[in-house]
Amino acid sequence: MNPMNAEIDEALKTRLARVKQRIREAAARSGRDPASVSLIAVSKTVPAQTIRKAVTAGVTLFGENYVQEAREKIESLRDCPLSWHFIGHLQSNKCKYAVRLFDLIHTVDSAKLADALDRQAAKHDTVQPVLIQVNISMEATKSGVSPDEAASLAKRVASKSHLQLKGLMTMPPFFDQPERARPYFAALRDLRDRLRNALGIKDLDELSMGMTGDFEVAVEEGATLVRIGTAIFGDRP
Ligand SMILES: *Cc1c(COP(=O)(O)O)cnc(C)c1O
């Protein structure tokens with residue numbers, strides 16, 4: 001390896017270690033077991049050879065936003081035992097690829113998409129784990145069902161024999177002060193607890209929330225999956 005690569009590797013390792021440390025500290029502050037929080041390295045726009053460096057630094061779980069981009073990268077990293085999550089907006093016509101590529105799809109936001117995923121998972125004789133994306137802040141520009149619609153979509157997903165509902169995902173509004181995102185994270189946790197009781201799904205546990213700007217607050221409020229790109233890979237182009 002040339003010295004230039006080694007240097008980049010070190011920087012990535014340092015950033016990764018810092019992120020993990022901050023997750024541990026946030027978990028400790030809220031009396032949580034740090035092992036209950038999984039770090040998803042968000043690798044959209046990041047080339048496969050950089051992902052490989054992250055793998056060398058110990059990352060095994062990656063999040064991608066675009067099916068076509070992910071297909072190519074997953075293919076070129078076939079030799080590594082990795083887990084891939086889909087965190088972008090999923091179109092129904094991409095479901096046939098998504099069910100083969102991703103261990104968890106975070107962004108089910110309509111009955112139509114749930115139906116299409118179930119159909120494709122059935123075709124591949126598999127059960128697709130999914131989260132429901134909730135637009136907890138009700139922003140017009142954001143994907144996700146409203147908190148009021150979440151129960152009926154959750155029921156529909158839970159009724160599908162080829163889908164497994166694992167939890168909820170959200171993106172709160174962007175704030176310069178992460179503390180202001182706290183009520184939205186707390187609201188997603190409350191919604192998960194209510195759905196878990198109402199639907200009687202014991203393992204409806206996952207809360208996918210928290211990005212580079214706000215993940216510590218998300219962990220304090222119960223995040224089980226944090227989706228972090230910039231703090232690990234640096235600014236995207
Ligand atoms: C890009 C993206 C992230 C990561 O964002 P950073 O601010 O770079 O950590 C997380 N979640 C989703 C849904 C994204 O699209």
# chains A, B, ... in the order shown; residues from 1 in each chain; ligands from 1

call {"tool": "residues_near_ligand", "arguments": {"ligand": "ligand 1", "cutoff": "12 Å", "atoms": "only C-alpha atoms and all ligand atoms", "output": "MDAnalysis selection string"}}
result
chainID A and resid 19 39:46 62:66 85:90 105:107 133:135 142:144 169:175 178 208:216 225:237

call {"tool": "write_last_selection", "arguments": {"atoms": "C-alpha atoms", "output": "PDB file, in the first residue's frame"}}
result
ATOM      1  CA  VAL A  19     -17.959   8.207  16.396  1.00  0.00           C
ATOM      2  CA  LEU A  39     -23.701   1.880  13.726  1.00  0.00           C
ATOM      3  CA  ILE A  40     -24.647   2.018  10.047  1.00  0.00           C
ATOM      4  CA  ALA A  41     -21.908   3.599   7.948  1.00  0.00           C
ATOM      5  CA  VAL A  42     -23.839   5.521   5.279  1.00  0.00           C
ATOM      6  CA  SER A  43     -21.830   5.004   2.104  1.00  0.00           C
ATOM      7  CA  LYS A  44     -23.899   6.768  -0.572  1.00  0.00           C
ATOM      8  CA  THR A  45     -21.531   8.374  -3.131  1.00  0.00           C
ATOM      9  CA  VAL A  46     -18.574   6.643  -1.402  1.00  0.00           C
ATOM     10  CA  PHE A  62     -23.377  -0.112   5.462  1.00  0.00           C
ATOM     11  CA  GLY A  63     -26.372   1.988   4.432  1.00  0.00           C
ATOM     12  CA  GLU A  64     -27.140   2.904   0.818  1.00  0.00           C
ATOM     13  CA  ASN A  65     -29.740   5.259  -0.709  1.00  0.00           C
ATOM     14  CA  TYR A  66     -29.813   4.253  -4.371  1.00  0.00           C
ATOM     15  CA  HIS A  85     -29.327  -1.667   4.665  1.00  0.00           C
ATOM     16  CA  PHE A  86     -31.452   0.387   2.300  1.00  0.00           C
ATOM     17  CA  ILE A  87     -32.173   3.870   3.684  1.00  0.00           C
ATOM     18  CA  GLY A  88     -33.276   5.836   0.585  1.00  0.00           C
ATOM     19  CA  HIS A  89     -36.650   6.315  -1.031  1.00  0.00           C
ATOM     20  CA  LEU A  90     -37.644   3.008  -2.637  1.00  0.00           C
ATOM     21  CA  ILE A 105     -35.172  -1.861   4.287  1.00  0.00           C
ATOM     22  CA  HIS A 106     -35.760   1.215   6.468  1.00  0.00           C
ATOM     23  CA  THR A 107     -38.114   3.152   4.261  1.00  0.00           C
ATOM     24  CA  GLN A 133     -40.565   5.367   7.746  1.00  0.00           C
ATOM     25  CA  VAL A 134     -42.522   7.925   9.758  1.00  0.00           C
ATOM     26  CA  ASN A 135     -42.626  11.626   8.906  1.00  0.00           C
ATOM     27  CA  LYS A 142     -40.196  14.562   3.742  1.00  0.00           C
ATOM     28  CA  SER A 143     -41.113  10.975   2.900  1.00  0.00           C
ATOM     29  CA  GLY A 144     -42.829   8.758   5.402  1.00  0.00           C
ATOM     30  CA  MET A 169     -37.314   4.988  11.055  1.00  0.00           C
ATOM     31  CA  THR A 170     -37.419   8.786  10.926  1.00  0.00           C
ATOM     32  CA  MET A 171     -35.541  11.884   9.793  1.00  0.00           C
ATOM     33  CA  PRO A 172     -36.363  14.912  11.956  1.00  0.00           C
ATOM     34  CA  PRO A 173     -36.019  18.437  10.556  1.00  0.00           C
ATOM     35  CA  PHE A 174     -32.456  19.718  10.282  1.00  0.00           C
ATOM     36  CA  PHE A 175     -31.450  21.916  13.222  1.00  0.00           C
ATOM     37  CA  PRO A 178     -29.186  18.884  17.808  1.00  0.00           C
ATOM     38  CA  SER A 208     -33.555   3.981  13.124  1.00  0.00           C
ATOM     39  CA  MET A 209     -32.803   7.585  13.981  1.00  0.00           C
ATOM     40  CA  GLY A 210     -29.799   9.895  14.278  1.00  0.00           C
ATOM     41  CA  MET A 211     -27.312  11.119  11.654  1.00  0.00           C
ATOM     42  CA  THR A 212     -23.981  12.964  11.848  1.00  0.00           C
ATOM     43  CA  GLY A 213     -25.547  16.142  13.243  1.00  0.00           C
ATOM     44  CA  ASP A 214     -27.763  14.621  15.908  1.00  0.00           C
ATOM     45  CA  PHE A 215     -26.895  10.982  16.666  1.00  0.00           C
ATOM     46  CA  GLU A 216     -25.958  11.497  20.298  1.00  0.00           C
ATOM     47  CA  LEU A 225     -29.691   2.029  14.541  1.00  0.00           C
ATOM     48  CA  VAL A 226     -27.805   5.257  13.853  1.00  0.00           C
ATOM     49  CA  ARG A 227     -27.126   6.195  10.221  1.00  0.00           C
ATOM     50  CA  ILE A 228     -23.840   8.073   9.964  1.00  0.00           C
ATOM     51  CA  GLY A 229     -22.104   9.160   6.778  1.00  0.00           C
ATOM     52  CA  THR A 230     -20.226  12.461   7.020  1.00  0.00           C
ATOM     53  CA  ALA A 231     -18.662  11.854  10.447  1.00  0.00           C
ATOM     54  CA  ILE A 232     -17.080   8.634   9.126  1.00  0.00           C
ATOM     55  CA  PHE A 233     -16.304   9.332   5.451  1.00  0.00           C
ATOM     56  CA  GLY A 234     -16.015  13.125   5.460  1.00  0.00           C
ATOM     57  CA  ASP A 235     -18.089  15.572   3.399  1.00  0.00           C
ATOM     58  CA  ARG A 236     -19.849  14.167   0.351  1.00  0.00           C
ATOM     59  CA  PRO A 237     -19.131  15.762  -3.057  1.00  0.00           C
TER      60      PRO A 237
END

call {"tool": "select_by_dssp", "arguments": {"residues": "segment 2-179 of chain A", "states": "strand (DSSP E or B)", "output": "compact mmCIF listing (two decimals) with C-alpha atoms, in the first residue's frame"}}
result
# COMPACT_ATOMS: atom_id res chain seq x y z
CA SER A 38 -25.75 -0.48 15.84
CA LEU A 39 -23.70 1.88 13.73
CA ILE A 40 -24.65 2.02 10.05
CA ALA A 41 -21.91 3.60 7.95
CA VAL A 42 -23.84 5.52 5.28
CA LEU A 61 -22.76 -2.64 8.24
CA PHE A 62 -23.38 -0.11 5.46
CA GLY A 63 -26.37 1.99 4.43
CA GLU A 64 -27.14 2.90 0.82
CA SER A 83 -24.53 -6.37 5.87
CA TRP A 84 -26.29 -3.77 3.72
CA HIS A 85 -29.33 -1.67 4.66
CA PHE A 86 -31.45 0.39 2.30
CA LEU A 104 -33.11 -4.40 6.22
CA ILE A 105 -35.17 -1.86 4.29
CA HIS A 106 -35.76 1.22 6.47
CA THR A 107 -38.11 3.15 4.26
CA VAL A 108 -41.48 1.45 3.76
CA GLN A 128 -37.74 -9.34 4.05
CA PRO A 129 -37.14 -7.46 7.33
CA VAL A 130 -38.43 -3.86 7.08
CA LEU A 131 -38.96 -0.66 9.03
CA ILE A 132 -41.75 1.84 8.48
CA GLN A 133 -40.56 5.37 7.75
CA VAL A 134 -42.52 7.92 9.76
CA VAL A 145 -46.31 8.14 6.73
CA LEU A 163 -42.35 -9.20 5.40
CA GLN A 164 -41.10 -8.90 8.95
CA LEU A 165 -41.79 -5.60 10.70
CA LYS A 166 -38.81 -4.75 12.90
CA GLY A 167 -39.46 -1.13 13.87
CA LEU A 168 -39.60 2.49 12.75
CA MET A 169 -37.31 4.99 11.05

call {"tool": "residues_around", "arguments": {"residues": "segment 182-191 of chain A", "least_positions_apart": "2", "cutoff": "6 Å", "atoms": "only C-alpha atoms", "output": "PyMOL selection string"}}
result
chain A and resi 179-180+193-194+218+221

call {"tool": "select_by_dssp", "arguments": {"residues": "segment 92-161 of chain A", "states": "helix (DSSP H, G or I)", "output": "MDAnalysis selection string"}}
result
chainID A and resid 92:101 111:123 147:158

call {"tool": "residues_around", "arguments": {"residues": "Gly31 of chain A", "least_positions_apart": "3", "cutoff": "12 Å", "atoms": "only C-alpha atoms", "output": "MDAnalysis selection string"}}
result
chainID A and resid 24:28 34:36 219:222

call {"tool": "closest_residue", "arguments": {"among": "A:Lys123, A:Ile51, A:Asp176, A:Val37", "to": "Lys20 of chain A", "atoms": "only C-alpha atoms"}}
result
A:Val37

call {"tool": "residues_around", "arguments": {"residues": "Lys94 of chain A", "least_positions_apart": "4", "cutoff": "9 Å", "atoms": "only C-alpha atoms", "output": "NGL selection string"}}
result
:A and (67-68 or 90 or 98-99)

call {"tool": "atom_distance", "arguments": {"atom1": "atom CA of Tyr97 of chain A", "atom2": "atom CA of Thr60 of chain A"}}
result
20.9 Å
